[in-house]
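Source file: coords-v7.cif; contents: mmCIF, C-alpha atoms.
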data_target
loop_
_atom_site.group_PDB
_atom_site.id
_atom_site.type_symbol
_atom_site.label_atom_id
_atom_site.label_comp_id
_atom_site.auth_asym_id
_atom_site.auth_seq_id
_atom_site.Cartn_x
_atom_site.Cartn_y
_atom_site.Cartn_z
ATOM 1 C CA MET A 1 0.000 0.000 0.000
ATOM 2 C CA PRO A 2 1.493 3.382 -0.841
ATOM 3 C CA LEU A 3 2.592 5.677 1.948
ATOM 4 C CA HIS A 4 0.945 9.087 2.155
ATOM 5 C CA VAL A 5 3.960 11.351 2.682
ATOM 6 C CA PRO A 6 2.826 14.680 4.168
ATOM 7 C CA PRO A 7 3.905 17.786 2.261
ATOM 8 C CA ALA A 8 6.767 19.677 3.855
ATOM 9 C CA PRO A 9 6.522 23.426 4.298
ATOM 10 C CA ALA A 10 7.736 25.068 1.063
ATOM 11 C CA PRO A 11 10.332 27.224 2.897
ATOM 12 C CA ALA A 12 11.855 24.072 4.447
ATOM 13 C CA LEU A 13 12.302 22.494 1.014
ATOM 14 C CA ARG A 14 13.681 25.732 -0.450
ATOM 15 C CA SER A 15 16.229 25.985 2.362
ATOM 16 C CA VAL A 16 17.468 22.436 1.663
ATOM 17 C CA LEU A 17 17.651 23.078 -2.093
ATOM 18 C CA THR A 18 19.640 26.258 -1.416
ATOM 19 C CA ALA A 19 22.036 24.372 0.883
ATOM 20 C CA LEU A 20 22.484 21.592 -1.700
ATOM 21 C CA SER A 21 23.407 24.152 -4.354
ATOM 22 C CA SER A 22 25.901 25.852 -2.023
ATOM 23 C CA PRO A 23 29.407 24.367 -2.349
ATOM 24 C CA THR A 24 30.264 25.867 1.044
ATOM 25 C CA ALA A 25 27.324 24.223 2.854
ATOM 26 C CA VAL A 26 28.049 20.826 1.283
ATOM 27 C CA ARG A 27 31.800 21.051 1.916
ATOM 28 C CA GLU A 28 31.363 22.150 5.543
ATOM 29 C CA ALA A 29 28.842 19.365 6.189
ATOM 30 C CA ARG A 30 31.674 16.837 6.459
ATOM 31 C CA THR A 31 29.517 14.135 4.927
ATOM 32 C CA PRO A 32 31.890 12.197 2.657
ATOM 33 C CA SER A 33 29.055 10.458 0.836
ATOM 34 C CA LEU A 34 27.477 13.800 -0.071
ATOM 35 C CA LEU A 35 30.819 15.288 -1.121
ATOM 36 C CA GLY A 36 31.575 12.331 -3.366
ATOM 37 C CA THR A 37 28.243 12.102 -5.164
ATOM 38 C CA GLN A 38 28.236 11.598 -8.906
ATOM 39 C CA GLY A 39 25.299 13.337 -10.498
ATOM 40 C CA PRO A 40 22.557 15.452 -8.993
ATOM 41 C CA ALA A 41 21.556 15.094 -5.356
ATOM 42 C CA THR A 42 17.854 15.658 -4.702
ATOM 43 C CA PRO A 43 15.887 16.000 -1.464
ATOM 44 C CA GLU A 44 13.070 13.452 -1.246
ATOM 45 C CA LEU A 45 10.634 11.936 1.240
ATOM 46 C CA PRO A 46 10.180 14.844 3.643
ATOM 47 C CA LEU A 47 9.359 13.429 7.055
ATOM 48 C CA PRO A 48 8.239 15.514 10.026
ATOM 49 C CA VAL A 49 10.473 14.814 13.023
ATOM 50 C CA HIS A 50 8.570 14.708 16.298
ATOM 51 C CA VAL A 51 10.218 14.408 19.705
ATOM 52 C CA LEU A 52 8.676 12.320 22.475
ATOM 53 C CA ASP A 53 9.233 14.511 25.512
ATOM 54 C CA HIS A 54 7.409 12.358 28.045
ATOM 55 C CA VAL A 55 4.565 9.928 28.618
ATOM 56 C CA THR A 56 2.003 10.479 31.342
ATOM 57 C CA ALA A 57 0.959 7.804 33.830
ATOM 58 C CA GLU A 58 -2.211 7.356 31.738
ATOM 59 C CA GLY A 59 -0.064 6.466 28.718
ATOM 60 C CA VAL A 60 -0.686 9.725 26.847
ATOM 61 C CA SER A 61 2.384 10.874 24.994
ATOM 62 C CA ALA A 62 3.495 14.461 24.703
ATOM 63 C CA THR A 63 5.280 15.152 21.433
ATOM 64 C CA ARG A 64 6.467 18.271 19.683
ATOM 65 C CA LEU A 65 7.511 18.963 16.118
ATOM 66 C CA ALA A 66 11.291 19.479 16.007
ATOM 67 C CA GLY A 67 11.780 19.835 12.249
ATOM 68 C CA TRP A 68 11.551 18.189 8.854
ATOM 69 C CA ARG A 69 14.052 15.650 7.528
ATOM 70 C CA PHE A 70 14.691 15.109 3.825
ATOM 71 C CA LEU A 71 16.529 12.068 2.493
ATOM 72 C CA ILE A 72 19.128 13.220 -0.050
ATOM 73 C CA ARG A 73 19.026 10.833 -2.973
ATOM 74 C CA CYS A 74 21.730 10.399 -5.561
ATOM 75 C CA GLY A 75 20.998 7.682 -8.066
ATOM 76 C CA ASP A 76 19.008 4.786 -6.625
ATOM 77 C CA HIS A 77 19.606 5.340 -2.898
ATOM 78 C CA ALA A 78 19.869 7.998 -0.208
ATOM 79 C CA VAL A 79 23.423 9.131 0.535
ATOM 80 C CA ALA A 80 22.647 11.608 3.332
ATOM 81 C CA ALA A 81 19.855 13.527 5.008
ATOM 82 C CA ALA A 82 19.118 17.187 5.586
ATOM 83 C CA ASP A 83 17.361 18.519 8.647
ATOM 84 C CA THR A 84 15.457 21.775 8.844
ATOM 85 C CA MET A 85 14.293 23.639 11.917
ATOM 86 C CA LEU A 86 11.753 26.285 12.740
ATOM 87 C CA THR A 87 13.305 29.659 13.562
ATOM 88 C CA PRO A 88 11.638 32.983 14.433
ATOM 89 C CA ASP A 89 11.954 33.811 10.709
ATOM 90 C CA GLY A 90 10.398 30.530 9.535
ATOM 91 C CA TRP A 91 11.798 27.207 8.336
ATOM 92 C CA ALA A 92 15.567 27.098 7.780
ATOM 93 C CA PHE A 93 18.188 24.535 6.811
ATOM 94 C CA SER A 94 19.908 23.087 9.890
ATOM 95 C CA HIS A 95 22.506 20.533 8.745
ATOM 96 C CA PHE A 96 23.424 17.594 6.521
ATOM 97 C CA PHE A 97 24.373 14.256 8.043
ATOM 98 C CA GLU A 98 24.909 10.613 7.191
ATOM 99 C CA GLY A 99 25.131 7.387 9.129
ATOM 100 C CA PRO A 100 23.158 4.237 9.910
ATOM 101 C CA TYR A 101 19.805 5.996 10.330
ATOM 102 C CA ILE A 102 19.763 6.859 6.610
ATOM 103 C CA THR A 103 19.800 3.257 5.376
ATOM 104 C CA SER A 104 17.633 2.154 8.282
ATOM 105 C CA THR A 105 15.011 4.787 7.409
ATOM 106 C CA GLU A 106 14.978 3.635 3.781
ATOM 107 C CA ARG A 107 14.579 0.014 4.874
ATOM 108 C CA ALA A 108 11.726 0.851 7.269
ATOM 109 C CA LEU A 109 9.949 2.880 4.569
ATOM 110 C CA ARG A 110 10.192 -0.085 2.155
ATOM 111 C CA GLN A 111 8.726 -2.331 4.883
ATOM 112 C CA ALA A 112 5.873 0.124 5.417
ATOM 113 C CA GLU A 113 5.092 0.286 1.693
ATOM 114 C CA ALA A 114 4.620 -3.489 1.711
ATOM 115 C CA MET A 115 1.996 -3.346 4.495
ATOM 116 C CA PRO A 116 -1.658 -3.818 3.505
ATOM 117 C CA GLN A 117 -2.861 -0.646 5.275
ATOM 118 C CA PRO A 118 -1.892 2.881 4.157
ATOM 119 C CA TYR A 119 0.008 5.045 6.628
ATOM 120 C CA GLN A 120 1.414 8.548 6.908
ATOM 121 C CA PRO A 121 5.147 8.231 7.707
ATOM 122 C CA ARG A 122 6.766 10.428 10.331
ATOM 123 C CA LEU A 123 9.840 10.155 12.515
ATOM 124 C CA LEU A 124 9.611 9.985 16.295
ATOM 125 C CA SER A 125 12.726 10.664 18.345
ATOM 126 C CA VAL A 126 13.011 9.386 21.916
ATOM 127 C CA PRO A 127 15.986 11.382 23.250
ATOM 128 C CA GLY A 128 15.987 9.677 26.653
ATOM 129 C CA LEU A 129 16.860 6.381 24.947
ATOM 130 C CA TYR A 130 18.893 7.740 22.007
ATOM 131 C CA MET A 131 16.242 6.128 19.829
ATOM 132 C CA LEU A 132 14.648 7.030 16.510
ATOM 133 C CA THR A 133 11.550 5.310 15.133
ATOM 134 C CA LEU A 134 9.545 5.464 11.948
ATOM 135 C CA TRP A 135 6.092 6.482 13.167
ATOM 136 C CA LEU A 136 3.346 5.137 10.905
ATOM 137 C CA HIS A 137 0.281 7.262 11.580
ATOM 138 C CA GLU A 138 -3.082 5.714 10.597
ATOM 139 C CA ASP A 139 -4.742 9.040 9.721
ATOM 140 C CA CYS A 140 -3.264 9.636 6.269
ATOM 141 C CA ALA A 141 -5.092 12.956 5.874
ATOM 142 C CA ALA A 142 -3.720 14.443 9.115
ATOM 143 C CA ASP A 143 -1.418 17.430 9.199
ATOM 144 C CA GLY A 144 2.025 15.817 9.508
ATOM 145 C CA SER A 145 3.274 18.573 11.753
ATOM 146 C CA GLU A 146 0.623 17.991 14.427
ATOM 147 C CA GLY A 147 -0.750 15.220 16.565
ATOM 148 C CA HIS A 148 0.345 12.566 18.978
ATOM 149 C CA PRO A 149 0.871 8.837 18.465
ATOM 150 C CA ALA A 150 -2.464 7.016 18.563
ATOM 151 C CA ALA A 151 -2.597 3.674 20.370
ATOM 152 C CA THR A 152 -3.094 1.839 17.054
ATOM 153 C CA ASP A 153 -0.316 3.662 15.157
ATOM 154 C CA LEU A 154 2.847 1.683 14.470
ATOM 155 C CA LEU A 155 6.375 2.491 15.618
ATOM 156 C CA VAL A 156 9.284 0.859 13.795
ATOM 157 C CA PRO A 157 12.554 1.280 15.754
ATOM 158 C CA LEU A 158 15.411 2.233 13.449
ATOM 159 C CA ALA A 159 18.871 0.686 13.712
ATOM 160 C CA PRO A 160 20.774 1.089 15.872
ATOM 161 C CA ALA A 161 18.014 0.532 18.413
ATOM 162 C CA PRO A 162 18.573 0.471 22.186
ATOM 163 C CA PRO A 163 19.520 -2.911 23.682
ATOM 164 C CA GLY A 164 16.517 -5.192 24.043
ATOM 165 C CA ILE A 165 14.425 -3.415 21.396
ATOM 166 C CA ALA A 166 14.485 -5.070 17.984
ATOM 167 C CA ALA A 167 15.135 -2.743 15.067
ATOM 168 C CA HIS A 168 12.739 -2.904 12.115
ATOM 169 C CA ARG A 169 10.064 -4.784 14.043
ATOM 170 C CA PRO A 170 6.758 -2.855 13.923
ATOM 171 C CA HIS A 171 5.055 -2.345 17.294
ATOM 172 C CA ARG A 172 1.677 -0.821 18.087
ATOM 173 C CA VAL A 173 2.137 2.380 20.081
ATOM 174 C CA ALA A 174 0.031 0.866 22.895
ATOM 175 C CA GLU A 175 2.552 -2.005 23.176
ATOM 176 C CA LEU A 176 5.845 -0.127 22.793
ATOM 177 C CA LEU A 177 5.095 3.086 24.706
ATOM 178 C CA PRO A 178 4.931 1.414 28.149
ATOM 179 C CA VAL A 179 8.307 -0.242 27.459
ATOM 180 C CA LEU A 180 9.837 3.080 26.435
ATOM 181 C CA THR A 181 8.313 4.852 29.422
ATOM 182 C CA HIS A 182 9.718 2.271 31.830
ATOM 183 C CA ARG A 183 13.163 2.334 30.241
ATOM 184 C CA ALA A 184 13.371 6.112 30.043
ATOM 185 C CA ALA A 185 12.149 6.625 33.627
ATOM 186 C CA PRO A 186 14.701 8.392 35.822
ATOM 187 C CA ILE A 187 16.446 6.097 38.279
ATOM 188 C CA ARG A 188 16.547 7.281 41.879
ATOM 189 C CA LEU A 189 19.832 6.883 43.662
ATOM 190 C CA LEU A 190 19.976 5.584 47.221
ATOM 191 C CA GLY A 191 19.662 8.476 49.644
ATOM 192 C CA SER A 192 18.186 10.851 47.057
ATOM 193 C CA PRO A 193 14.926 12.609 47.916
ATOM 194 C CA ALA A 194 11.772 10.941 46.641
#
Re-express the file's structure as structure tokens.
Amino acid sequence: MPLHVPPAPAPALRSVLTALSSPTAVREARTPSLLGTQGPATPELPLPVHVLDHVTAEGVSATRLAGWRFLIRCGDHAVAAADTMLTPDGWAFSHFFEGPYITSTERALRQAEAMPQPYQPRLLSVPGLYMLTLWLHEDCAADGSEGHPAATDLLVPLAPAPPGIAAHRPHRVAELLPVLTHRAAPIRLLGSPA
């Protein structure tokens, strides 16, 4: 089933296109795969990046939009990614990067395309666990920059995933969120105030 990729804000895309056409921005990015590309590099698959700040005792998650991520494709695969962020003046290019999350994101998106139900893809970052997931939102018509994970949405941990959490295995939010909440809970030291 095809994924329903939400449209990125036009200024976010323009800022990435401007950075890609700037030799200084590409050179200073220190992304060898982007520096060594043969042929045009194009930003594709804009994904809103949400951050999971905390989960309440009732299991309700609090997320916030942190930016938009574009996979930078050269030829038949992504070689890097570009992040944008919201500034007081609007959407702006933040940085280029590469690493295991690029190939893992592509793999998770291919998995999602093979699922029988359509989804809206997003990224969900869990900073307390140094974890990034592909968030497959069931409401394909929703505004990609808003909302919280629904209990029936899917989360696909990207590699590298934290120990004990399998990468690329889809989990319902209702199943994975309690695990994440427990693992990200602060640990009290002996003698510290309750």
Which residues, named as in the file, does the PyMOL selection byres ((chain A and resi 44) around 10) pick out? Answer as a short mmCIF file (atom, residue, chain, number, x, y, z; two decimals) with C-alpha atoms, in the frame of the given file.
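Result file follows (part_15.cif):
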data_model
loop_
_atom_site.label_atom_id
_atom_site.label_comp_id
_atom_site.auth_asym_id
_atom_site.auth_seq_id
_atom_site.Cartn_x
_atom_site.Cartn_y
_atom_site.Cartn_z
CA LEU A 13 12.30 22.49 1.01
CA ALA A 41 21.56 15.09 -5.36
CA THR A 42 17.85 15.66 -4.70
CA PRO A 43 15.89 16.00 -1.46
CA LEU A 45 10.63 11.94 1.24
CA PRO A 46 10.18 14.84 3.64
CA LEU A 47 9.36 13.43 7.06
CA ARG A 69 14.05 15.65 7.53
CA PHE A 70 14.69 15.11 3.82
CA LEU A 71 16.53 12.07 2.49
CA ILE A 72 19.13 13.22 -0.05
CA ARG A 73 19.03 10.83 -2.97
CA ALA A 78 19.87 8.00 -0.21
CA ALA A 81 19.86 13.53 5.01
CA ALA A 82 19.12 17.19 5.59
#
Just want the 10 Å neighbourhood of Phe97 in chain A, counted on all atoms listed in the file, with same-chain residues fewer than 2 positions away dropped. Output as a VMD selection string. chain A and resid 29 to 34 71 to 72 79 to 83 95 99 101 to 102
Rounded to one decimal in Å, what is the spacing between CA of Pro40 in chain A and CA of Leu17 in chain A?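 Atom-to-atom, CA of Pro40 in chain A and CA of Leu17 in chain A are spaced 11.4 Å apart.
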Check what the PyMOL selection byres ((chain A and resi 141) around 12) selects in the file above and give those residues as a list in words.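 When the PyMOL selection byres ((chain A and resi 141) around 12) is applied to the shown file, the picked residues are Leu3, His4, Val5, Pro6, Pro7, Pro118, Tyr119, Gln120, Pro121, His137, Glu138, Asp139, Cys140, Ala142, Asp143, Gly144, Ser145, Glu146 and Gly147 of chain A.
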Which one is closest to Pro149 in chain A: A:Phe96, A:Trp135, A:Trp68, A:Trp91? Count all atoms listed in the file.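 With all atoms listed in the file as the atom set, the closest residue is A:Trp135.
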Identify all residues satisfying the PyMOL selection byres ((chain A and resi 86) around 12) in the given file; provide them as a ChimeraX atom specification. /A:9,11-12,15,48-49,64-68,83-85,87-94,145
Please give the centre and size of the box around range 160-173 of chain A (axis-aligned, containing every atom listed in the file, 6 Å added per side), with values in Å to one decimal and written as JSON.
{"center_x": 11.2, "center_y": -1.4, "center_z": 18.1, "size_x": 31.1, "size_y": 19.6, "size_z": 23.9}
CA of Leu123 in chain A and CA of Thr37 in chain A are how many Å apart?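 Going from CA of Leu123 in chain A over to CA of Thr37 in chain A covers 25.6 Å.
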Interatomic distance between CA of Leu176 in chain A and CA of Pro2 in chain A?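 Going from CA of Leu176 in chain A over to CA of Pro2 in chain A covers 24.3 Å.
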Using all atoms listed in the file for the distances, tell me which of A:Leu158, A:Leu134, A:Ala108, A:Leu129 is nearest to Val179 in chain A.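 Nearest to Val179 in chain A: A:Leu129.
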Distance criterion (all atoms listed in the file): nearest to Arg107 in chain A out of A:Met131, A:Ala62, A:Ala159, A:Leu124: A:Ala159
Smallest atom-to-atom distance to Asp76 in chain A: which of A:Ser104, A:Gln38, A:Thr63, A:Gln111, using only C-alpha atoms?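 Residue with the minimum atom-to-atom distance to Asp76 in chain A: A:Gln38.
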Any chance you could turn range 82-99 of chain A into a file with N, CA and C atoms, as a PDB file, in the first residue's frame?
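Saved as result.pdb:
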ATOM      1  N   ALA A  82      19.056  15.772   5.228  1.00  0.00           N
ATOM      2  CA  ALA A  82      19.118  17.187   5.586  1.00  0.00           C
ATOM      3  C   ALA A  82      18.007  17.467   6.575  1.00  0.00           C
ATOM      4  N   ASP A  83      18.354  18.121   7.655  1.00  0.00           N
ATOM      5  CA  ASP A  83      17.361  18.519   8.647  1.00  0.00           C
ATOM      6  C   ASP A  83      17.093  20.011   8.536  1.00  0.00           C
ATOM      7  N   THR A  84      15.840  20.373   8.766  1.00  0.00           N
ATOM      8  CA  THR A  84      15.457  21.775   8.844  1.00  0.00           C
ATOM      9  C   THR A  84      14.872  22.024  10.225  1.00  0.00           C
ATOM     10  N   MET A  85      14.842  23.289  10.608  1.00  0.00           N
ATOM     11  CA  MET A  85      14.293  23.639  11.917  1.00  0.00           C
ATOM     12  C   MET A  85      13.493  24.920  11.795  1.00  0.00           C
ATOM     13  N   LEU A  86      12.576  25.083  12.727  1.00  0.00           N
ATOM     14  CA  LEU A  86      11.753  26.285  12.740  1.00  0.00           C
ATOM     15  C   LEU A  86      12.476  27.359  13.539  1.00  0.00           C
ATOM     16  N   THR A  87      12.657  28.518  12.916  1.00  0.00           N
ATOM     17  CA  THR A  87      13.305  29.659  13.562  1.00  0.00           C
ATOM     18  C   THR A  87      12.267  30.773  13.688  1.00  0.00           C
ATOM     19  N   PRO A  88      12.581  31.859  14.381  1.00  0.00           N
ATOM     20  CA  PRO A  88      11.638  32.983  14.433  1.00  0.00           C
ATOM     21  C   PRO A  88      11.301  33.547  13.054  1.00  0.00           C
ATOM     22  N   ASP A  89      12.191  33.326  12.072  1.00  0.00           N
ATOM     23  CA  ASP A  89      11.954  33.811  10.709  1.00  0.00           C
ATOM     24  C   ASP A  89      11.319  32.763   9.802  1.00  0.00           C
ATOM     25  N   GLY A  90      11.000  31.596  10.337  1.00  0.00           N
ATOM     26  CA  GLY A  90      10.398  30.530   9.535  1.00  0.00           C
ATOM     27  C   GLY A  90      11.324  29.323   9.438  1.00  0.00           C
ATOM     28  N   TRP A  91      11.026  28.438   8.502  1.00  0.00           N
ATOM     29  CA  TRP A  91      11.798  27.207   8.336  1.00  0.00           C
ATOM     30  C   TRP A  91      13.146  27.511   7.715  1.00  0.00           C
ATOM     31  N   ALA A  92      14.210  26.877   8.272  1.00  0.00           N
ATOM     32  CA  ALA A  92      15.567  27.098   7.780  1.00  0.00           C
ATOM     33  C   ALA A  92      16.340  25.784   7.779  1.00  0.00           C
ATOM     34  N   PHE A  93      17.286  25.682   6.865  1.00  0.00           N
ATOM     35  CA  PHE A  93      18.188  24.535   6.811  1.00  0.00           C
ATOM     36  C   PHE A  93      18.981  24.475   8.111  1.00  0.00           C
ATOM     37  N   SER A  94      19.131  23.275   8.666  1.00  0.00           N
ATOM     38  CA  SER A  94      19.908  23.087   9.890  1.00  0.00           C
ATOM     39  C   SER A  94      21.257  22.454   9.581  1.00  0.00           C
ATOM     40  N   HIS A  95      21.246  21.217   9.032  1.00  0.00           N
ATOM     41  CA  HIS A  95      22.506  20.533   8.745  1.00  0.00           C
ATOM     42  C   HIS A  95      22.281  19.304   7.866  1.00  0.00           C
ATOM     43  N   PHE A  96      23.380  18.865   7.234  1.00  0.00           N
ATOM     44  CA  PHE A  96      23.424  17.594   6.521  1.00  0.00           C
ATOM     45  C   PHE A  96      24.055  16.574   7.460  1.00  0.00           C
ATOM     46  N   PHE A  97      23.699  15.304   7.289  1.00  0.00           N
ATOM     47  CA  PHE A  97      24.373  14.256   8.043  1.00  0.00           C
ATOM     48  C   PHE A  97      24.227  12.934   7.305  1.00  0.00           C
ATOM     49  N   GLU A  98      25.005  11.972   7.726  1.00  0.00           N
ATOM     50  CA  GLU A  98      24.909  10.613   7.191  1.00  0.00           C
ATOM     51  C   GLU A  98      25.071   9.653   8.355  1.00  0.00           C
ATOM     52  N   GLY A  99      24.989   8.382   8.073  1.00  0.00           N
ATOM     53  CA  GLY A  99      25.131   7.387   9.129  1.00  0.00           C
ATOM     54  C   GLY A  99      24.090   6.292   9.007  1.00  0.00           C
TER      55      GLY A  99
END
